[in-house]
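Chemist: The structure's right below; bear with me while I get my questions together.
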Amino acid sequence: MTTDRYLPVGSRVVLCVEVLVSRRRTRASRIRSLLALVLGTALTVPLLAAAPAPTAGQYTVTALRFTVRAGGRTCAIDADLYRPEGVDGAHPAPAVLATNGFGGSKADGSTDAIGRAFAARGYVGLVYSGLGFGRSGCLISLDDPRVDGEAASRLVDFLAGTRAADDGTKADFVTRDGTGDPRVGMIGASYGGAVQLATASVDHRVDALVPLITWNDLVYSLDPNNAAGAPAVPGAFKWQWTNGFYLIGEGQPLTAPNLDPSRVNSLRCLHFVSRACETIRSLNSGSYPADRTKRILAYARGVSPVSYLGKVKAPTLLVQGQADSLFNLNEATATYRTLTAQGTEARMIWQAWGHSGGSTNPAAGELDLAQGNLETSYVGRRVLAWFDRHLLRRPVDTGPAFAYFRNWITDPARTYATAAHVPALTETLYLSGDGTLVDSRAKVARGSRSYTNWPTPTSHSESSLAGQLGVPDPPPYDTKGTYLAWTTSPLTGPVDVVGAPQATLRVTSPDAERVQGSRDAADKLVLFAKLYDVAPDGTQTLVRRLVAPVRVPDVTQRFTVSLPGIVHRYEAGHRLRFVVAASDDAYIGNRGTKRVTISSTPEDTGALRLPVVR
C-alpha cells in the first residue's frame with residue numbers, strides 16, 4: 001500500500017421538529033431549513049454553495065421541459081441544458097447527466113454546479129429535477145429503476161437526438177456510439193447517486209457512472225441489522241435520519257407551492273408512492289410481525305441497487321464518505337464487490353466528507369465542486385480521468401482499485417493512500433473477562449459481566465441532523481450499568497484501521513430467551529457495538545460517531561457483527577475500546593427490559609477482528 005501520486009490529465013420525527021421549532025420562525029421556514037439540511041447532507045456542504053463562474057470554456061444554459069411516461073404515469077421533468085460554445089452537429093461532445101439529492105432540484109447550487117463544471121470543460125450537460133422535486137412531477141419513488149430509472153432513460157433519448165423536449169428542442173450535438181446511442185455519463189450524490197445505478201440497470205446506453213455517498217440497500221441504510229447472515233430479520237430503526245427525509249417529502253407544499261397534481265397521492269400518503277409511506281409507518285410502529293415485515297423489507301430492498309446491480313454494466317467509480325452515519329462505507333463496499341464480481345469495471349474511493357459532515361477543505365486534497373477544484377483535488381482528478389477514458393475515449397489511467405483519505409496526514413499530496421483491494425481482517429483481539437482486549441487467548445481472564453437496558457435510551461452516538469442544522473450535539477456517552485467495554489493496553493505505536501471490523505459474540509439473556517419464539521421480531525434482543533479511541537488522558541472518541549445495531553437472530557447462538565467501515569489511526573499511547581451497549585438514542589431498540597451477560601474463558605470468548613494496515 002503506497003501513497004498515491006496519480007495525476008490524470010483530464011467530485012422519532014419528534015426530534016426533527018423539536019430541533020427546528022422556534023417561535024420566531026414560520027412553519028414554512030422550518031421545513032425549508034430541514035430541506036436545506038437533507039439536500040446539504042446529500043452533498044454535505046461542498047456542492048451546496050453557489051460555485052464561481054468557471055474560467056475555462058463558455059456555454060449557454062437553456063431551460064427545458066419533458067413530458068415522459070415512467071412507472072405507468074405521465075411525469076413532467078424540469079431540466080437545464082448546458083451547451084458548450086462551439087459544440088454542434090459537426091463538432092459533437094459527450095454528455096453528462098445529473099440530478100439532485102433528496103429534497104433538492106436542478107436549481108440548487110449543488111446540482112447546478114455539476115452542469116456548469118462539466119460544460120466549462122467541454123461536456124454537454126443535462127441537469128434535471130428528480131421526480132417529485134423542484135418543478136418536476138410525479139410521486140417520490142425512492143429511485144425505483146422502474147420509475148426514476150425509466151424517466152432518466154427518456155432523457156438519454158433526448159441526448160441521443162431521438163426525442164425532443166416539449167418545446168421542440170432537439171440535441172443533435174452529442175457524440176454518438178451508434179444510432180440512438182449517445183455517449184453519456186452520470187454523476188451526483190446520495191439520491192442523485194442511486195438514480196445512476198437505477199438508470200444504468202434499465203438503459204445500457206449509459207457509458208460511465210460516478211455515484212457519490214449513496215446506498216446499496218435501503219433495508220441496511222434505514223433499519224440496519226449488522227448480524228451477519230440475518231438479512232430477513234429487521235434491525236434497529238434509524239428513526240432520526242429516516243423521519244427527517246420523510247418530513248421533507250411530505251412537506252413539499254411548504255417548499256414548492258402550486259405542486260403539479262401528479263405529485264399528490266392521497267391524504268394518507270401525500271407525496272410518496274404508497275408503499276414507501278407504508279414502510280415508514282411500519283418502521284415507526286416498532287412492531288415487526290413476520291407477515292408485514294416481509295412485505296416492507298421486500299419493497300425497500302426491491303427499489304435498492306442490491307436488487308438490480310446484476311443489470312448494471314456501465315463502468316462505475318464509487319465515492320463514499322467516511323463521515324456518514326446514513327450511508328456508511330459498507331454500502332459502497334457491497335456495491336463495489338458485486339460489480340467487480342460480475343465483471344463490471346469499478347473503482348472505489350473513500351473520501352472524508354459524507355452526510356454527517358467531514359472535511360471538504362481543498363487544501364487537504366478534498367473535492368469541493370463548488371470551488372471548481374476538479375483538477376486540483378484527488379477525487380476531482382479521478383472523476384475527470386473516469387470521464388476522459390469512458391466518454392472522451394482517451395487512453396488515460398483511471399487509477400487504482402481502491403483509495404482512502406487519511407485525516408492524520410497533513411501533506412495534501414499524501415492524504416490519499418491506495419491499494420489493490422479493500423484491506424482484509426488481519427488482527428484479532430479477544431474479549432477478556434476482566435474488561436481488557438488482549439492479543440492471545442492465553443491472556444483471557446475468566447469472568448462474566450452484565451448490563452441491563454432501561455425503558456429509555458441510555459447511550460448517545462449522535463443527533464443525526466445536528467451537524468447540518470448547526471446546533472450542538474453532545475459528545476457520545478454510555479450510562480453505567482447499560483453497557484460493557486473492553487479496552488487494550490496503551491499502544492506502543494500507531495495502528496491504522498482501514499475497513500469494517502468484525503466482532504464475534506455469545507451472550508446470555510434469559511429475558512430474551514423467553515420471547516425467542518415470538519412471531520414479532522421486535523421482541524428479539526437488540527444491542528449496539530462500537531469502537532472508541534481512548535487518549536492518554538482518558539478522553540474517549542467514538543470513531544466517526546458510528547455504531548452497529550444488531551437484532552440478535554437467535555440469542556442461544558454465537559453471532560458475528562459487522563461494524564461500519566472506518567479509516568482511523570490509533571496513535572501511540574492511545575487505547576482501543578470495544579463497547580456493547582443496550583441502546584442508542586438515534587435508533588429504536590429493545591422492547592421491554594432484558595438483562596445481558598457476556599462471559600469469557602480462554603477456550604470460549606468473544607473476538608474482535610480488525611483490518612489493520614501496516
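Order determines the names: the first chain of the C-alpha cells is A, the second B, and so forth; residues in each chain are numbered 1 upward, and ligands are numbered 1 upward as they are shown.
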Show me a table, sorted first by chain and then by increasing residue number, of the residues of region 463-514 of chain A having an atom at most 8 Å from region 563-581 of chain A, each with its shortest atom pair and the distance in Å to one decimal, counting only C-alpha atoms and written as a tab-separated table.
Modeler:
residue	atom	partner	partner_atom	distance
A:Asp478	CA	A:Ala581	CA	7.3
A:Thr482	CA	A:Ala581	CA	6.2
A:Tyr483	CA	A:Ala581	CA	4.1
A:Leu484	CA	A:Val580	CA	5.4
A:Ala485	CA	A:Val579	CA	4.4
A:Trp486	CA	A:Phe578	CA	5.2
A:Thr487	CA	A:Arg577	CA	4.3
A:Thr488	CA	A:Arg575	CA	5.4
A:Ser489	CA	A:Arg575	CA	6.0
A:Pro490	CA	A:Gly573	CA	4.7
A:Leu491	CA	A:Gly573	CA	5.0
A:Thr492	CA	A:Ala572	CA	5.3
A:Gly493	CA	A:Ala572	CA	4.2
A:Pro494	CA	A:Glu571	CA	4.3
A:Val495	CA	A:Tyr570	CA	5.0
A:Asp496	CA	A:Arg569	CA	4.3
A:Val497	CA	A:His568	CA	5.3
A:Val498	CA	A:Val567	CA	4.5
A:Gly499	CA	A:Gly565	CA	4.6
A:Ala500	CA	A:Gly565	CA	3.7
A:Pro501	CA	A:Leu563	CA	5.4
A:Gln502	CA	A:Leu563	CA	5.8
A:Ala503	CA	A:Leu563	CA	7.7
Chemist: Taking only region 353-472 of chain A into account, list the residues labelled strand (DSSP E) by DSSP (computed from the backbone), as a list in words.
Modeler: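 Residues meeting the strand (DSSP E) criterion: Phe402, Ala403, Tyr404, Phe405, Tyr416, Ala417, Thr418, Ala419, Glu427, Thr428, Leu429, Tyr430, Leu431, Leu437, Val438, Gly447, Ser448, Arg449, Ser450, Tyr451, Thr452, Ser459 and His460 of chain A.
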Chemist: Env of Pro474 (chain A): 9 Å cut, atoms = only C-alpha atoms, seq-sep filter 6 positions within chain, self excluded. Answer as a list in words.
Modeler: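 The residues satisfying every condition are His460, Ser461, Glu462 and Ser463 of chain A.
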Chemist: Could you save the residues just selected, with N, CA and C atoms, as a PDB file, in the first residue's frame?
Modeler:
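As a result, result11.pdb now contains:
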ATOM      1  N   HIS A 460     -25.679   7.552  23.698  1.00  0.00           N
ATOM      2  CA  HIS A 460     -25.806   8.557  22.644  1.00  0.00           C
ATOM      3  C   HIS A 460     -24.603   8.467  21.723  1.00  0.00           C
ATOM      4  N   SER A 461     -24.885   8.336  20.422  1.00  0.00           N
ATOM      5  CA  SER A 461     -23.804   8.392  19.439  1.00  0.00           C
ATOM      6  C   SER A 461     -23.847   9.703  18.689  1.00  0.00           C
ATOM      7  N   GLU A 462     -25.043  10.117  18.277  1.00  0.00           N
ATOM      8  CA  GLU A 462     -25.190  11.358  17.528  1.00  0.00           C
ATOM      9  C   GLU A 462     -26.644  11.817  17.542  1.00  0.00           C
ATOM     10  N   SER A 463     -26.850  13.108  17.327  1.00  0.00           N
ATOM     11  CA  SER A 463     -28.131  13.624  16.874  1.00  0.00           C
ATOM     12  C   SER A 463     -27.962  13.744  15.369  1.00  0.00           C
TER      13      SER A 463
END
Chemist: Among region 355-528 of chain A, which residues does DSSP mark as helix (DSSP H, G or I) when it is run on the backbone? Keep the chain and numbering as in the structure and answer as a ChimeraX atom specification.
Modeler: /A:362-364,369-371,378-390,441-443,466-469,510-514,521-523
Chemist: Expressed in Å to a single decimal, how great is the separation between CA of Leu465 (chain A) and CA of Thr242 (chain A)?
Modeler: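 Computing it gives 10.6 Å between the two atoms.
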Chemist: What's the separation between CA of Val555 (chain A) and CA of Gly517 (chain A), in Å to one decimal place?
Modeler: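 For CA of Val555 (chain A) relative to CA of Gly517 (chain A), the distance reads 10.9 Å.
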Chemist: What lies within 7 Å of region 144-146 of chain A using only C-alpha atoms, ignoring chain neighbours under 6 positions off, as a list of chain:residue names?
Modeler: A:Gly71, A:Ala198, A:Thr199, A:Val202, A:Val303
Chemist: Just the selected residues (all heavy atoms), exported as an mmCIF file, in the first residue's frame, please.
Modeler:
data_model
loop_
_atom_site.group_PDB
_atom_site.id
_atom_site.type_symbol
_atom_site.label_atom_id
_atom_site.label_comp_id
_atom_site.auth_asym_id
_atom_site.auth_seq_id
_atom_site.Cartn_x
_atom_site.Cartn_y
_atom_site.Cartn_z
ATOM 1 N N GLY A 71 -43.107 4.368 -14.971
ATOM 2 C CA GLY A 71 -43.838 3.634 -13.955
ATOM 3 C C GLY A 71 -45.334 3.663 -14.150
ATOM 4 O O GLY A 71 -46.091 3.621 -13.168
ATOM 5 N N ALA A 198 -29.846 2.974 -10.962
ATOM 6 C CA ALA A 198 -31.183 2.607 -11.435
ATOM 7 C C ALA A 198 -31.293 2.820 -12.941
ATOM 8 O O ALA A 198 -31.845 1.975 -13.662
ATOM 9 C CB ALA A 198 -32.233 3.445 -10.698
ATOM 10 N N THR A 199 -30.756 3.932 -13.434
ATOM 11 C CA THR A 199 -30.825 4.233 -14.861
ATOM 12 C C THR A 199 -29.999 3.240 -15.670
ATOM 13 O O THR A 199 -30.455 2.713 -16.696
ATOM 14 C CB THR A 199 -30.330 5.664 -15.128
ATOM 15 O OG1 THR A 199 -31.095 6.586 -14.342
ATOM 16 C CG2 THR A 199 -30.470 6.023 -16.601
ATOM 17 N N VAL A 202 -31.567 -0.131 -16.455
ATOM 18 C CA VAL A 202 -32.627 -0.238 -17.465
ATOM 19 C C VAL A 202 -32.199 0.323 -18.817
ATOM 20 O O VAL A 202 -32.915 0.142 -19.801
ATOM 21 C CB VAL A 202 -33.913 0.495 -16.997
ATOM 22 C CG1 VAL A 202 -34.435 -0.125 -15.711
ATOM 23 C CG2 VAL A 202 -33.689 1.988 -16.814
ATOM 24 N N VAL A 303 -36.346 -1.658 -4.413
ATOM 25 C CA VAL A 303 -36.023 -0.414 -5.111
ATOM 26 C C VAL A 303 -34.559 -0.014 -4.898
ATOM 27 O O VAL A 303 -34.147 1.063 -5.315
ATOM 28 C CB VAL A 303 -36.946 0.743 -4.661
ATOM 29 C CG1 VAL A 303 -38.391 0.433 -5.004
ATOM 30 C CG2 VAL A 303 -36.791 1.040 -3.159
#
Chemist: From the list A:Val127, A:Leu283, A:Ala417, A:Leu425, which residue is nearest Ala113 (chain A) when using only C-alpha atoms?
Modeler: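 The closest residue to Ala113 (chain A) is A:Val127.
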Chemist: Hey, what's within 9 Å of Gly447 (chain A) if we count only C-alpha atoms and toss same-chain stuff fewer than 2 positions away? As a PyMOL selection string, please?
Modeler: chain A and resi 432-435+445+449+598-601
Chemist: Keeping all heavy atoms, export the residues of the selection given above as a PDB file, in the first residue's frame.
Modeler:
ATOM      1  N   SER A 432     -11.595 -10.287  27.136  1.00  0.00           N
ATOM      2  CA  SER A 432     -11.235 -10.915  28.403  1.00  0.00           C
ATOM      3  C   SER A 432     -12.292 -10.626  29.462  1.00  0.00           C
ATOM      4  O   SER A 432     -12.956  -9.588  29.436  1.00  0.00           O
ATOM      5  CB  SER A 432      -9.873 -10.400  28.869  1.00  0.00           C
ATOM      6  OG  SER A 432      -9.493 -11.027  30.079  1.00  0.00           O
ATOM      7  N   GLY A 433     -12.426 -11.563  30.417  1.00  0.00           N
ATOM      8  CA  GLY A 433     -13.438 -11.420  31.460  1.00  0.00           C
ATOM      9  C   GLY A 433     -13.205 -10.256  32.394  1.00  0.00           C
ATOM     10  O   GLY A 433     -14.122  -9.857  33.134  1.00  0.00           O
ATOM     11  N   ASP A 434     -11.999  -9.687  32.381  1.00  0.00           N
ATOM     12  CA  ASP A 434     -11.711  -8.536  33.250  1.00  0.00           C
ATOM     13  C   ASP A 434     -11.903  -7.200  32.530  1.00  0.00           C
ATOM     14  O   ASP A 434     -11.516  -6.149  33.039  1.00  0.00           O
ATOM     15  CB  ASP A 434     -10.291  -8.634  33.812  1.00  0.00           C
ATOM     16  CG  ASP A 434      -9.231  -8.707  32.724  1.00  0.00           C
ATOM     17  OD1 ASP A 434      -9.596  -8.626  31.516  1.00  0.00           O
ATOM     18  OD2 ASP A 434      -8.037  -8.861  33.057  1.00  0.00           O
ATOM     19  N   GLY A 435     -12.465  -7.223  31.314  1.00  0.00           N
ATOM     20  CA  GLY A 435     -12.727  -5.975  30.597  1.00  0.00           C
ATOM     21  C   GLY A 435     -11.573  -5.491  29.749  1.00  0.00           C
ATOM     22  O   GLY A 435     -11.616  -4.365  29.246  1.00  0.00           O
ATOM     23  N   ALA A 445      -8.814 -13.648  30.793  1.00  0.00           N
ATOM     24  CA  ALA A 445      -9.189 -13.968  32.167  1.00  0.00           C
ATOM     25  C   ALA A 445     -10.625 -14.492  32.192  1.00  0.00           C
ATOM     26  O   ALA A 445     -11.480 -14.021  31.452  1.00  0.00           O
ATOM     27  CB  ALA A 445      -9.066 -12.725  33.047  1.00  0.00           C
ATOM     28  N   ARG A 449     -19.669 -10.536  32.990  1.00  0.00           N
ATOM     29  CA  ARG A 449     -20.172  -9.200  33.318  1.00  0.00           C
ATOM     30  C   ARG A 449     -21.524  -9.005  32.639  1.00  0.00           C
ATOM     31  O   ARG A 449     -21.801  -9.611  31.605  1.00  0.00           O
ATOM     32  CB  ARG A 449     -19.190  -8.119  32.872  1.00  0.00           C
ATOM     33  CG  ARG A 449     -17.825  -8.208  33.571  1.00  0.00           C
ATOM     34  CD  ARG A 449     -16.912  -7.070  33.176  1.00  0.00           C
ATOM     35  NE  ARG A 449     -16.647  -7.081  31.744  1.00  0.00           N
ATOM     36  CZ  ARG A 449     -16.402  -5.974  31.017  1.00  0.00           C
ATOM     37  NH1 ARG A 449     -16.428  -4.783  31.591  1.00  0.00           N
ATOM     38  NH2 ARG A 449     -16.149  -6.076  29.738  1.00  0.00           N
ATOM     39  N   ILE A 598     -22.202 -11.360  29.294  1.00  0.00           N
ATOM     40  CA  ILE A 598     -21.172 -11.849  28.375  1.00  0.00           C
ATOM     41  C   ILE A 598     -20.050 -12.455  29.212  1.00  0.00           C
ATOM     42  O   ILE A 598     -19.486 -11.784  30.091  1.00  0.00           O
ATOM     43  CB  ILE A 598     -20.639 -10.723  27.470  1.00  0.00           C
ATOM     44  CG1 ILE A 598     -21.790 -10.169  26.625  1.00  0.00           C
ATOM     45  CG2 ILE A 598     -19.509 -11.236  26.579  1.00  0.00           C
ATOM     46  CD1 ILE A 598     -21.390  -9.060  25.663  1.00  0.00           C
ATOM     47  N   SER A 599     -19.763 -13.724  28.950  1.00  0.00           N
ATOM     48  CA  SER A 599     -18.756 -14.459  29.718  1.00  0.00           C
ATOM     49  C   SER A 599     -17.531 -14.744  28.863  1.00  0.00           C
ATOM     50  O   SER A 599     -17.621 -14.824  27.631  1.00  0.00           O
ATOM     51  CB  SER A 599     -19.348 -15.783  30.225  1.00  0.00           C
ATOM     52  OG  SER A 599     -20.505 -15.552  31.012  1.00  0.00           O
ATOM     53  N   SER A 600     -16.407 -14.894  29.520  1.00  0.00           N
ATOM     54  CA  SER A 600     -15.150 -15.170  28.818  1.00  0.00           C
ATOM     55  C   SER A 600     -14.361 -16.244  29.532  1.00  0.00           C
ATOM     56  O   SER A 600     -14.257 -16.246  30.765  1.00  0.00           O
ATOM     57  CB  SER A 600     -14.295 -13.902  28.723  1.00  0.00           C
ATOM     58  OG  SER A 600     -14.941 -12.888  27.987  1.00  0.00           O
ATOM     59  N   THR A 601     -13.820 -17.164  28.745  1.00  0.00           N
ATOM     60  CA  THR A 601     -12.806 -18.114  29.204  1.00  0.00           C
ATOM     61  C   THR A 601     -11.788 -18.224  28.082  1.00  0.00           C
ATOM     62  O   THR A 601     -12.089 -17.889  26.924  1.00  0.00           O
ATOM     63  CB  THR A 601     -13.406 -19.506  29.487  1.00  0.00           C
ATOM     64  OG1 THR A 601     -13.815 -20.094  28.242  1.00  0.00           O
ATOM     65  CG2 THR A 601     -14.594 -19.416  30.446  1.00  0.00           C
TER      66      THR A 601
END
Chemist: Hey, what's within 6 Å of region 518-531 of chain A if we count only C-alpha atoms and toss same-chain stuff fewer than 2 positions away? As a VMD selection string, please?
Modeler: chain A and resid 287 to 289 512 515 to 516 547 to 552 577 to 582 589 to 591
Chemist: Select, from A:Tyr416, A:Tyr191, A:Tyr451, A:Tyr404, the residue with the minimum atom-to-atom distance to Trp215 (chain A), counting only C-alpha atoms.
Modeler: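 Selected residue with least distance to Trp215 (chain A): A:Tyr191.
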Chemist: Mind running region 52-111 of chain A against region 250-253 of chain A at 12 Å and telling me each contacting residue's nearest atom pair with the distance in Å (one decimal), counting only C-alpha atoms, chain and number ascending, as a Markdown table?
Modeler:
| residue | atom | partner | partner_atom | distance |
| --- | --- | --- | --- | --- |
| A:Phe102 | CA | A:Gln252 | CA | 11.6 |
| A:Gly103 | CA | A:Gln252 | CA | 8.4 |
| A:Gly104 | CA | A:Gln252 | CA | 10.6 |
| A:Ser105 | CA | A:Gln252 | CA | 12.0 |
Chemist: Work out how far apart CA of Val206 (chain A) and CA of Gly178 (chain A) are and give it in Å to one decimal.
Modeler: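 Those two atoms sit 12.7 Å apart.
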